[in-house]
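J.: mmCIF, C-alpha atoms, file data_37.cif:
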```
data_entry
loop_
_atom_site.label_atom_id
_atom_site.label_comp_id
_atom_site.auth_asym_id
_atom_site.auth_seq_id
_atom_site.Cartn_x
_atom_site.Cartn_y
_atom_site.Cartn_z
CA MET R 1 0.00 0.00 0.00
CA HIS R 2 1.28 3.44 -0.91
CA HIS R 3 1.05 6.20 1.72
CA ARG R 4 0.77 9.77 0.57
CA LEU R 5 1.58 12.83 2.65
CA SER R 6 -0.99 15.57 2.60
CA VAL R 7 -0.07 19.05 1.42
CA GLY R 8 -0.21 20.26 5.03
CA GLY R 9 2.10 17.48 6.16
CA LEU R 10 4.65 18.31 3.46
CA ALA R 11 4.59 21.98 4.42
CA LEU R 12 5.12 21.12 8.11
CA LEU R 13 7.98 18.79 7.23
CA GLY R 14 9.60 21.53 5.14
CA ILE R 15 9.38 24.06 7.99
CA CYS R 16 10.96 21.56 10.41
CA LEU R 17 13.82 20.83 8.00
CA LEU R 18 14.46 24.53 7.46
CA GLY R 19 14.50 25.10 11.22
CA LEU R 20 16.97 22.28 11.77
CA SER R 21 19.28 23.51 9.02
CA GLY R 22 19.15 27.04 10.47
CA CYS R 23 20.09 25.81 13.93
CA ALA R 24 22.90 23.68 12.58
CA GLY R 25 24.28 26.59 10.56
CA SER R 26 24.24 29.26 13.32
CA PRO R 27 27.68 30.04 14.78
CA PRO R 28 28.08 29.67 18.55
CA THR R 29 27.94 32.80 20.69
CA ARG R 30 31.36 33.92 21.96
CA PHE R 31 31.64 35.57 25.38
CA TYR R 32 34.31 38.05 26.52
CA VAL R 33 35.50 39.61 29.77
CA LEU R 34 37.16 43.00 30.19
CA PRO R 35 40.82 42.35 31.19
CA SER R 36 42.45 44.07 34.16
CA LEU R 37 46.08 44.82 35.00
CA THR R 38 48.40 42.10 36.28
CA GLY R 39 50.82 42.36 39.19
CA ALA R 40 53.76 42.54 36.77
CA GLU R 41 52.42 45.82 35.33
CA THR R 42 52.15 47.64 38.66
CA ALA R 43 54.47 50.02 40.47
CA PRO R 44 56.16 49.50 43.88
CA PRO R 45 54.25 50.63 47.00
CA ALA R 46 53.94 54.41 47.23
CA ALA R 47 51.11 54.83 49.76
CA PRO R 48 50.04 53.36 53.10
CA ARG R 49 48.51 49.93 52.55
CA ASP R 50 45.68 50.72 54.97
CA LEU R 51 44.44 53.49 52.66
CA THR R 52 40.74 52.98 51.84
CA ILE R 53 39.57 53.92 48.35
CA GLY R 54 35.91 53.95 47.31
CA VAL R 55 35.21 53.45 43.59
CA GLY R 56 31.90 54.68 42.25
CA PRO R 57 29.41 55.60 41.16
CA VAL R 58 30.66 54.73 37.66
CA THR R 59 28.17 55.56 34.91
CA LEU R 60 28.16 54.47 31.25
CA PRO R 61 26.15 55.82 28.29
CA PRO R 62 22.83 54.01 27.70
CA TYR R 63 23.91 52.58 24.32
CA LEU R 64 26.38 50.33 26.17
CA ASP R 65 23.67 48.93 28.45
CA ARG R 66 23.45 45.58 26.64
CA LEU R 67 25.35 42.30 26.48
CA GLN R 68 26.20 42.62 22.77
CA ILE R 69 29.59 44.22 22.12
CA VAL R 70 29.03 47.61 20.49
CA THR R 71 31.29 48.98 17.74
CA ARG R 72 30.90 51.92 15.36
CA ALA R 73 30.41 51.59 11.62
CA SER R 74 30.54 55.40 11.46
CA ARG R 75 30.14 58.37 13.79
CA ALA R 76 26.37 57.94 13.61
CA ARG R 77 25.83 54.18 13.16
CA LEU R 78 26.45 51.47 15.75
CA VAL R 79 26.91 47.74 15.18
CA LEU R 80 25.89 45.10 17.74
CA GLY R 81 27.80 41.84 17.92
CA GLU R 82 25.03 39.26 17.54
CA PHE R 83 27.31 36.33 18.38
CA ASP R 84 29.99 38.29 20.32
CA GLN R 85 28.79 39.32 23.74
CA TRP R 86 29.99 40.32 27.20
CA ALA R 87 30.00 37.61 29.85
CA ALA R 88 28.89 40.33 32.30
CA ALA R 89 27.36 43.76 31.75
CA LEU R 90 29.85 46.58 31.24
CA GLN R 91 28.05 48.57 33.94
CA ASP R 92 29.34 45.96 36.40
CA SER R 93 32.65 45.12 34.70
CA VAL R 94 34.07 48.65 34.29
CA PRO R 95 33.93 49.60 38.01
CA ARG R 96 35.20 46.15 39.00
CA VAL R 97 38.22 46.33 36.68
CA LEU R 98 38.89 49.95 37.69
CA ALA R 99 38.87 48.92 41.36
CA GLU R 100 41.20 45.97 40.69
CA ASN R 101 43.61 48.22 38.80
CA LEU R 102 43.69 50.89 41.52
CA SER R 103 44.24 48.21 44.16
CA LEU R 104 47.44 47.21 42.33
CA LEU R 105 48.59 50.68 41.31
CA ILE R 106 48.27 52.49 44.67
CA PRO R 107 48.64 49.76 46.07
CA THR R 108 46.07 49.03 48.77
CA ASP R 109 44.03 46.04 49.83
CA ARG R 110 41.12 48.24 50.86
CA VAL R 111 39.22 49.18 47.69
CA LEU R 112 35.44 49.33 47.91
CA LEU R 113 32.84 49.29 45.16
CA HIS R 114 29.87 51.64 45.36
CA PRO R 115 27.57 51.35 47.22
CA TRP R 116 29.45 50.46 50.38
CA SER R 117 28.25 50.18 53.96
CA ARG R 118 27.39 53.44 55.73
CA THR R 119 29.61 52.31 58.60
CA ILE R 120 32.66 52.53 56.31
CA GLU R 121 34.16 55.89 55.41
CA PRO R 122 36.72 55.75 52.54
CA ASP R 123 39.72 58.05 52.75
CA TYR R 124 39.08 59.01 49.12
CA GLN R 125 36.28 58.37 46.63
CA VAL R 126 36.65 58.09 42.85
CA THR R 127 33.62 58.77 40.63
CA VAL R 128 33.66 58.27 36.85
CA ASP R 129 31.20 59.32 34.14
CA VAL R 130 32.04 57.47 30.92
CA THR R 131 30.71 59.21 27.80
CA GLN R 132 32.20 56.90 25.13
CA PHE R 133 33.76 53.42 25.22
CA ASP R 134 33.82 51.61 21.89
CA ALA R 135 35.86 50.86 18.76
CA GLY R 136 35.52 52.76 15.50
CA PRO R 137 35.66 51.52 11.88
CA SER R 138 39.48 51.47 11.95
CA GLY R 139 39.50 49.29 15.06
CA GLU R 140 40.78 52.06 17.34
CA VAL R 141 39.14 52.05 20.77
CA VAL R 142 38.14 55.38 22.32
CA LEU R 143 37.50 55.84 26.04
CA ALA R 144 36.20 59.30 27.00
CA ALA R 145 35.27 60.08 30.60
CA ARG R 146 35.04 62.69 33.33
CA TRP R 147 36.36 61.65 36.72
CA ARG R 148 36.63 63.15 40.19
CA ILE R 149 38.41 62.44 43.46
CA LEU R 150 36.56 63.34 46.64
CA SER R 151 37.88 63.52 50.21
CA ALA R 152 36.37 61.66 53.17
CA ASN R 153 34.05 64.61 53.81
CA GLU R 154 33.04 64.61 50.09
CA LYS R 155 35.07 67.70 49.24
CA GLU R 156 35.99 67.76 45.55
CA LEU R 157 39.78 67.56 45.31
CA ILE R 158 40.24 66.92 41.57
CA ILE R 159 37.97 66.92 38.52
CA ARG R 160 39.32 66.04 35.10
CA LYS R 161 38.19 65.16 31.60
CA ALA R 162 40.14 62.35 29.90
CA ARG R 163 40.25 60.75 26.47
CA PHE R 164 42.32 57.64 25.76
CA THR R 165 42.75 55.66 22.55
CA ALA R 166 44.10 52.14 22.01
CA ALA R 167 44.77 50.40 18.71
CA ALA R 168 43.26 46.93 18.40
CA GLY R 169 45.81 45.86 15.79
CA ARG R 170 43.28 43.75 13.93
CA GLN R 171 39.56 43.98 13.34
CA ASP R 172 38.05 41.23 15.44
CA TYR R 173 36.18 41.24 18.72
CA GLU R 174 38.91 39.64 20.82
CA ALA R 175 41.41 42.31 19.74
CA THR R 176 38.80 45.01 20.38
CA VAL R 177 38.14 43.77 23.93
CA SER R 178 41.88 43.63 24.63
CA ALA R 179 42.27 47.23 23.40
CA MET R 180 39.35 48.31 25.61
CA GLY R 181 41.23 46.81 28.54
CA HIS R 182 44.34 48.84 27.63
CA ALA R 183 42.29 52.05 27.46
CA LEU R 184 40.83 51.37 30.89
CA ASP R 185 44.37 50.66 32.17
CA ALA R 186 45.41 54.13 31.01
CA LEU R 187 42.47 55.73 32.84
CA SER R 188 43.33 53.74 35.98
CA GLN R 189 46.96 54.90 35.85
CA ASP R 190 45.86 58.53 35.44
CA ILE R 191 43.57 58.31 38.48
CA ALA R 192 46.17 56.41 40.54
CA ALA R 193 48.84 59.04 39.83
CA ALA R 194 46.49 61.81 40.99
CA LEU R 195 45.54 59.85 44.10
CA LEU R 196 49.18 59.25 45.03
CA THR R 197 49.97 62.95 44.62
CA ILE R 198 47.08 63.85 46.94
CA VAL R 199 48.15 61.25 49.53
CA GLN R 200 51.77 62.40 49.49
CA GLN R 201 50.73 66.05 49.90
CA ALA R 202 48.51 65.08 52.83
CA LEU R 203 51.38 63.16 54.46
CA ARG R 204 53.73 66.14 54.08
CA SER R 205 51.13 68.45 55.61
CA GLU R 206 50.62 66.05 58.50
CA GLN R 207 54.36 65.82 59.11
CA GLY R 208 54.60 69.61 59.08
CA ALA R 209 51.82 69.86 61.65
CA HIS R 210 53.71 67.51 63.95
CA GLU R 211 57.02 69.30 63.56
CA ASN R 212 59.46 69.15 66.49
CA PRO R 213 58.41 71.88 68.97
CA ALA R 214 62.07 72.73 69.69
CA ALA R 215 62.72 73.30 66.00
CA VAL R 216 59.61 75.43 65.73
CA ALA R 217 60.69 77.53 68.73
CA GLN R 218 63.94 78.46 66.98
CA HIS R 219 61.93 80.32 64.36
CA ARG R 220 59.66 82.10 66.82
CA PRO R 221 60.52 85.67 67.98
CA LEU R 222 61.60 86.01 71.65
CA ASN R 223 58.99 87.43 73.97
CA LYS R 224 60.12 90.89 75.09
CA ARG R 225 58.58 93.28 77.53
CA PRO R 226 57.13 96.33 75.76
CA ARG R 227 59.15 99.54 76.04
CA LYS R 228 57.81 102.38 78.15
CA ALA R 229 56.58 105.34 76.21
CA LYS R 230 58.64 108.50 76.58
CA GLY R 231 57.33 110.87 79.19
CA SER R 232 55.51 108.10 80.96
CA SER R 233 55.48 108.36 84.73
CA ARG R 234 54.97 104.66 85.07
#
```
Let's see the structure in the file written out as structure tokens.

T.:
Amino acid sequence: MHHRLSVGGLALLGICLLGLSGCAGSPPTRFYVLPSLTGAETAPPAAPRDLTIGVGPVTLPPYLDRLQIVTRASRARLVLGEFDQWAAALQDSVPRVLAENLSLLIPTDRVLLHPWSRTIEPDYQVTVDVTQFDAGPSGEVVLAARWRILSANEKELIIRKARFTAAAGRQDYEATVSAMGHALDALSQDIAAALLTIVQQALRSEQGAHENPAAVAQHRPLNKRPRKAKGSSR
């Protein structure tokens, strides 16, 4: 006996075959993490290791609020990596990597990510507002940001605008992510240098305030009794 498939059955079979071929032909999604500095790239200790640094808030532009890696086809057009994505959101990764870098560059073991407990008061706080962080058509990564350093009482000590570029070397997502890490390294080094300058100035001021009283007395005028005015009967 011959069995015939209905027209509906043939159509359903065709759809299933097309779906299977599409799944088999789709490339796997690749996931990337933003690299941080290594111990070999850091400087020798230049600040007290009990220094507490608070990192954050760190803000990113809304167009980066997605798992797909964003690149630029032009100044006006963005491209999303359909199969090349972040393993964690940049909004979480950028402050984490920045904190790791500062911990090595200062160095200090006490680096906190915002928000921290109200019972903890950092010696200094670093806030960053990222306005651009992506790669252009040539593969060059641009990191543009405004950053500030605040004292423990939230007094603004430094505010700066920074722009860093890093060449990817080749036009693929792995090279782009590596270049983004280098750009963030440069920002970290800029902030760390400013922090160290502030800490060293504070230490010098503190040492000056605790100067040897005997040494200070040598520079003070001797107390003398005031002279009597001429014609005074006293």

J.: Go ahead and compute the interatomic distance for atom CA of R:Asn153 and atom CA of R:Glu206, in Å to one decimal.

T.: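 Between these atoms lies a distance of 17.3 Å.
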
J.: Rounded to one decimal in Å, what is the spacing between atom CA of R:Leu34 and atom CA of R:Phe133?

T.: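 Atom CA of R:Leu34 sits 12.0 Å away from atom CA of R:Phe133.
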
J.: Need to verify the contact set: R:Phe83, 7 Å, all atoms listed in the file, exclusion of same-chain residues closer than 6 positions in sequence. Can you return it as a ChimeraX atom specification?

T.: /R:28-30

J.: Around (39.4, 61.4, 45.1) in the file's frame, which residues reach within 8 Å when counting all atoms listed in the file? Return as a PyMOL selection string?

T.: chain R and resi 124-127+148-151+156-158+195

J.: I would like the residues chosen by the PyMOL selection byres ((chain R and resi 185) around 9) on the shown file; could you give them as a ChimeraX atom specification?

T.: /R:36-37,97-98,101,180-184,186-190

J.: Pick from R:Glu154, R:Glu121, R:Asp134, R:Asp129: nearest to R:Tyr63, with only C-alpha atoms counted?

T.: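 The shortest atom-to-atom distance to R:Tyr63 comes from R:Asp134.
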
J.: Using Å and a single decimal, report how far atom CA of R:Val70 sits from atom CA of R:Ala135.

T.: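 Distance reported for this atom pair: 7.8 Å.
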
J.: Here's the selection I'm unsure about, the PyMOL selection byres ((chain R and resi 72) around 12); applied to the file above, which residues does it give, as a list in words?

T.: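 Applied to this file, the PyMOL selection byres ((chain R and resi 72) around 12) selects Tyr63, Leu64, Ile69, Val70, Thr71, Ala73, Ser74, Arg75, Ala76, Arg77, Leu78, Val79, Leu80, Gly81, Gln132, Phe133, Asp134, Ala135, Gly136, Pro137, Ser138, Gly139, Glu140, Val141, Val142, Gln171 and Thr176 of chain R.
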
J.: Counting all atoms listed in the file, figure out which residue out of R:Gln201, R:Val33, R:Ala152, R:Asp50 gets nearest to R:Ile106.

T.: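 For R:Ile106, the nearest of the candidates is R:Asp50.
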
J.: Point out the residue among R:Gly169, R:Pro122, R:Pro35, R:Gly208 with the least atom-to-atom distance to R:Thr52, counting all atoms listed in the file.

T.: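 Among the listed residues, R:Pro122 lies closest to R:Thr52.
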
J.: Here is a test: counting only C-alpha atoms, which residue of R:Phe31, R:Ala167, R:Gly54, R:Gln200 is nearest to R:Asp109?

T.: R:Gly54
